[in-house]
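Just below is one structure, and these are the notes that go with it.
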Amino acid sequence: MRWIRAAGRGLLVAAVVVAGYVTPDAPGGGARDDGRGPMTLATAGDLTDYLGPLLDGWNRTHPDEKVTLVELPDSADETHAQMVTGLRSDRGRFDILNIDVAWTPEFAAAGWISPLDPGRFPLKGFLPPVVGTATYDDKLYAVPYVTNAGMLFYRKDILDREGERPPRTWQELERQARTIAPKHGLGGYAGQFLPYEGLTVNAAEAVYSAGGSILGDEGERVTVDSAAARDGLGFLVRGVRDGWIPREALTYKEEESREAFQNGRLLFLRNWPYAYAGISGKDSEVAGKFGAVPLPGADGPGTSVLGGSNLAVNADARHPESAADLIAYLTSEPVQRKVLTEGALPPVLAGLYGDADLVRKFPYLPALRTSVLAAAPRPKSPRYDQVSLAVQAVVHDAMTQHQSPAAAVRRLAGELAAIARRQG
């Protein structure tokens, strides 16, 4: 989930949460017994302030079912921690949860969110892969709200000068990063390689793009010990070892990597589409000199991890009928259009990706659609937080040359098997 927000706002919100949030059902709040009434929506923070106006539109037409926005920190780990604390200690505090797509199985298995009636939402109009992120145990537990897929940003001016096309395979990317980048004083390739959730995403994309997988059967089966997984991890390890992935990239999260590319220090960058705005901005040294294409893979186009967020109804929501209607509103075509134009977030409705006006304003949309359609979710597990930590630790050790890809994959398989046993 990629949300950007102002520094400092999280401290204020955290203080409100710790002090005890005053819900709309306090005296005079207008509680009702038909499943309808005021609501709270908990989400990570929003620097662009697009979500407040969207909710204002709902509140104007639903005066008895107003929604109050509660913004949590922008860090996925901190947002997750505050949501889980709230669900455990005061289960009715939040009615609707805007959750990272990877958290749906965890929240569903814990009984924190309710199954939803698919017929209430425009699922047939969604990009097909996004619906899978909202299901668990063959039931719909959330509704996709925004999606995301990793893309390869590249220096178009330099590749054009060299008579080259953007790479479609790892072999092409490695050759260009190793031979062309140094000629122009650039680093070759970077992603998000600091040990945090971003490294889990980058590692999963490498495994998927080599034809492998990490977990199966909702986290009950470990599938990572494979030749494909070794090849995927080997691609990243080799890049650092041979120098076409700068060692500095081992400290990058999304913003650090965006700034490195934007400041003219990289030939290639894996990042989310949100980065397009900054790289195109007036302060960018490469504005007008870059392009964005789907990620390359071992033998052809690669597989991105599906990012984004889903909207779920708290199992103890005070007004679940209003909550479901609000989710339907937020996933309607007019609102999804604003999610893109005002929030700079990729919508889940497939039709918007072919809209000529939107494509003129956001030229990466066709490539992003291709990436989303070929994308796969992160490993599904009710213990996803533990799975992610294991992936981060093992892959970081391999990329820092402390463990071979083969040894790292064997170690990861063992750690994931232990997590799966605890799950059972």
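Note on naming: chains are A, B, ... as they come in the structure tokens, residues start from 1 per chain, ligands start from 1 in the order shown.
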Using only C-alpha atoms, which protein or nucleic acid residues come within 10 Å of stretch 162-175 of chain A? Drop anything in the same chain fewer than 6 positions from it, and give the result as a count of residues only. 32
Residues of stretch 231-334 of chain A in helix (DSSP H, G or I), written as JSON, numbers by chain: {"A": [231, 232, 233, 234, 235, 236, 237, 238, 239, 240, 241, 242, 247, 248, 249, 250, 251, 254, 255, 256, 257, 258, 259, 260, 261, 262, 275, 276, 277, 278, 279, 320, 321, 322, 323, 324, 325, 326, 327, 328, 329, 330, 333, 334]}
Give the strand (DSSP E) residues of stretch 57-201 of chain A, as assigned by DSSP on the backbone, as number ranges by chain. A: 67-72, 96-100, 135-136, 139-140, 143-149, 151-155, 187-190
Can you pull out the residues contacting A:Leu352? Cut-off 12 Å, using only C-alpha atoms, and skip same-chain residues under 3 positions away; I want them as a VMD selection string. chain A and resid 125 to 127 332 to 341 346 to 349 355 to 359 362 365 to 366 368 to 369
Give me the residues within 12 Å of A:Lys183 as a list in words, counting only C-alpha atoms and dropping any in the same chain fewer than 5 places off. Ile158, Leu159, Arg161, Glu162, Gln176, Ala177, Arg178, Gly188, Leu266 and Leu267 of chain A
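For the set A:Leu123, A:Leu233, A:Ala110, A:Leu250, the residue with the smallest atom-to-atom gap to A:Leu412 is A:Leu233, counting only C-alpha atoms.
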Skipping near chain neighbours, those fewer than 2 positions away, what residues fall within 7 Å of A:Ala190 using only C-alpha atoms, listed as a list in words? Gln192, Ile245, Ala249, Ser257, Phe268, Leu269 and Arg270 of chain A
Show which residues sit within 10 Å of A:Glu220, as a ChimeraX atom specification. Count only C-alpha atoms, and ignore same-chain residues fewer than 6 positions away. /A:380-382,416-417,419-424
Just to be explicit: take each residue in the selection above, keep N, CA, C and O atoms, and write the result as a PDB file, in the first residue's frame.
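Output file part-v6.pdb is given in full below:
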```pdb
ATOM      1  N   LYS A 380      -0.083 -15.450   0.494  1.00  0.00           N
ATOM      2  CA  LYS A 380      -1.239 -15.378   1.384  1.00  0.00           C
ATOM      3  C   LYS A 380      -0.985 -16.208   2.630  1.00  0.00           C
ATOM      4  O   LYS A 380      -0.636 -17.391   2.550  1.00  0.00           O
ATOM      5  N   SER A 381      -1.172 -15.585   3.795  1.00  0.00           N
ATOM      6  CA  SER A 381      -0.985 -16.291   5.059  1.00  0.00           C
ATOM      7  C   SER A 381      -1.645 -15.506   6.174  1.00  0.00           C
ATOM      8  O   SER A 381      -1.549 -14.274   6.209  1.00  0.00           O
ATOM      9  N   PRO A 382      -2.326 -16.196   7.091  1.00  0.00           N
ATOM     10  CA  PRO A 382      -2.843 -15.504   8.273  1.00  0.00           C
ATOM     11  C   PRO A 382      -1.734 -14.931   9.146  1.00  0.00           C
ATOM     12  O   PRO A 382      -1.980 -14.101  10.007  1.00  0.00           O
ATOM     13  N   LEU A 416       9.746 -20.646   6.840  1.00  0.00           N
ATOM     14  CA  LEU A 416       8.339 -20.568   6.466  1.00  0.00           C
ATOM     15  C   LEU A 416       7.577 -21.812   6.906  1.00  0.00           C
ATOM     16  O   LEU A 416       6.397 -21.744   7.281  1.00  0.00           O
ATOM     17  N   ALA A 417       8.238 -22.966   6.873  1.00  0.00           N
ATOM     18  CA  ALA A 417       7.580 -24.189   7.337  1.00  0.00           C
ATOM     19  C   ALA A 417       7.264 -24.096   8.831  1.00  0.00           C
ATOM     20  O   ALA A 417       6.199 -24.536   9.280  1.00  0.00           O
ATOM     21  N   ILE A 419       6.640 -21.329  10.457  1.00  0.00           N
ATOM     22  CA  ILE A 419       5.511 -20.407  10.580  1.00  0.00           C
ATOM     23  C   ILE A 419       4.215 -21.110  10.222  1.00  0.00           C
ATOM     24  O   ILE A 419       3.184 -20.941  10.886  1.00  0.00           O
ATOM     25  N   ALA A 420       4.240 -21.939   9.154  1.00  0.00           N
ATOM     26  CA  ALA A 420       3.038 -22.665   8.753  1.00  0.00           C
ATOM     27  C   ALA A 420       2.580 -23.630   9.831  1.00  0.00           C
ATOM     28  O   ALA A 420       1.370 -23.800  10.060  1.00  0.00           O
ATOM     29  N   ARG A 421       3.528 -24.260  10.528  1.00  0.00           N
ATOM     30  CA  ARG A 421       3.144 -25.184  11.613  1.00  0.00           C
ATOM     31  C   ARG A 421       2.458 -24.406  12.742  1.00  0.00           C
ATOM     32  O   ARG A 421       1.478 -24.900  13.331  1.00  0.00           O
ATOM     33  N   ARG A 422       2.953 -23.231  13.058  1.00  0.00           N
ATOM     34  CA  ARG A 422       2.315 -22.423  14.102  1.00  0.00           C
ATOM     35  C   ARG A 422       0.917 -21.976  13.666  1.00  0.00           C
ATOM     36  O   ARG A 422       0.005 -21.879  14.463  1.00  0.00           O
ATOM     37  N   GLN A 423       0.771 -21.754  12.348  1.00  0.00           N
ATOM     38  CA  GLN A 423      -0.530 -21.362  11.813  1.00  0.00           C
ATOM     39  C   GLN A 423      -1.545 -22.467  12.013  1.00  0.00           C
ATOM     40  O   GLN A 423      -2.706 -22.221  12.320  1.00  0.00           O
ATOM     41  N   GLY A 424      -1.093 -23.712  11.800  1.00  0.00           N
ATOM     42  CA  GLY A 424      -2.008 -24.838  11.950  1.00  0.00           C
ATOM     43  C   GLY A 424      -2.362 -25.086  13.385  1.00  0.00           C
ATOM     44  O   GLY A 424      -3.429 -25.605  13.694  1.00  0.00           O
TER      45      GLY A 424
END
```
Residues within 10 Å of A:Ala376, please, as a ChimeraX atom specification. Count only C-alpha atoms; anything in the same chain fewer than 6 positions from it doesn't count. /A:129-130,132-133,149,204-205,208,213,303-307
Restricting it to N, CA and C atoms, dump the selection as a CSV table (one decimal), in the first residue's frame.
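Saved the output as out08.csv:
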```csv
chain,number,residue,atom,x,y,z
A,129,PRO,N,-7.2,-9.5,-11.5
A,129,PRO,CA,-6.3,-10.0,-10.4
A,129,PRO,C,-6.6,-9.3,-9.1
A,130,VAL,N,-7.2,-8.1,-9.1
A,130,VAL,CA,-7.3,-7.4,-7.8
A,130,VAL,C,-8.3,-8.1,-6.9
A,132,GLY,N,-8.8,-11.2,-6.3
A,132,GLY,CA,-8.2,-12.3,-5.5
A,132,GLY,C,-7.5,-11.8,-4.2
A,133,THR,N,-7.1,-10.5,-4.2
A,133,THR,CA,-6.5,-10.0,-3.0
A,133,THR,C,-7.5,-9.8,-1.9
A,149,ALA,N,1.0,-1.9,-9.1
A,149,ALA,CA,2.0,-2.9,-9.6
A,149,ALA,C,3.3,-2.2,-9.9
A,204,ALA,N,9.7,-11.2,-3.8
A,204,ALA,CA,8.6,-11.9,-4.4
A,204,ALA,C,8.5,-11.7,-5.9
A,205,GLU,N,8.7,-10.5,-6.4
A,205,GLU,CA,8.7,-10.3,-7.8
A,205,GLU,C,9.8,-11.0,-8.5
A,208,TYR,N,8.7,-14.7,-8.5
A,208,TYR,CA,7.5,-14.9,-9.5
A,208,TYR,C,8.0,-14.8,-10.9
A,213,SER,N,7.3,-19.6,-6.8
A,213,SER,CA,6.3,-19.1,-5.8
A,213,SER,C,6.9,-19.3,-4.4
A,303,THR,N,6.7,-10.6,-13.6
A,303,THR,CA,5.5,-10.6,-12.8
A,303,THR,C,5.7,-9.7,-11.6
A,304,SER,N,4.8,-8.6,-11.5
A,304,SER,CA,4.9,-7.7,-10.4
A,304,SER,C,4.1,-8.3,-9.3
A,305,VAL,N,4.3,-7.8,-8.1
A,305,VAL,CA,3.5,-8.1,-6.9
A,305,VAL,C,2.3,-7.1,-7.0
A,306,LEU,N,1.1,-7.5,-6.7
A,306,LEU,CA,0.0,-6.6,-6.6
A,306,LEU,C,0.1,-5.8,-5.3
A,307,GLY,N,0.1,-4.5,-5.5
A,307,GLY,CA,0.0,-3.6,-4.3
A,307,GLY,C,-1.4,-3.1,-4.2
```
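The interatomic distance for the pair atom CA of A:Asn314 and atom CA of A:Ala328 works out to 15.6 Å.
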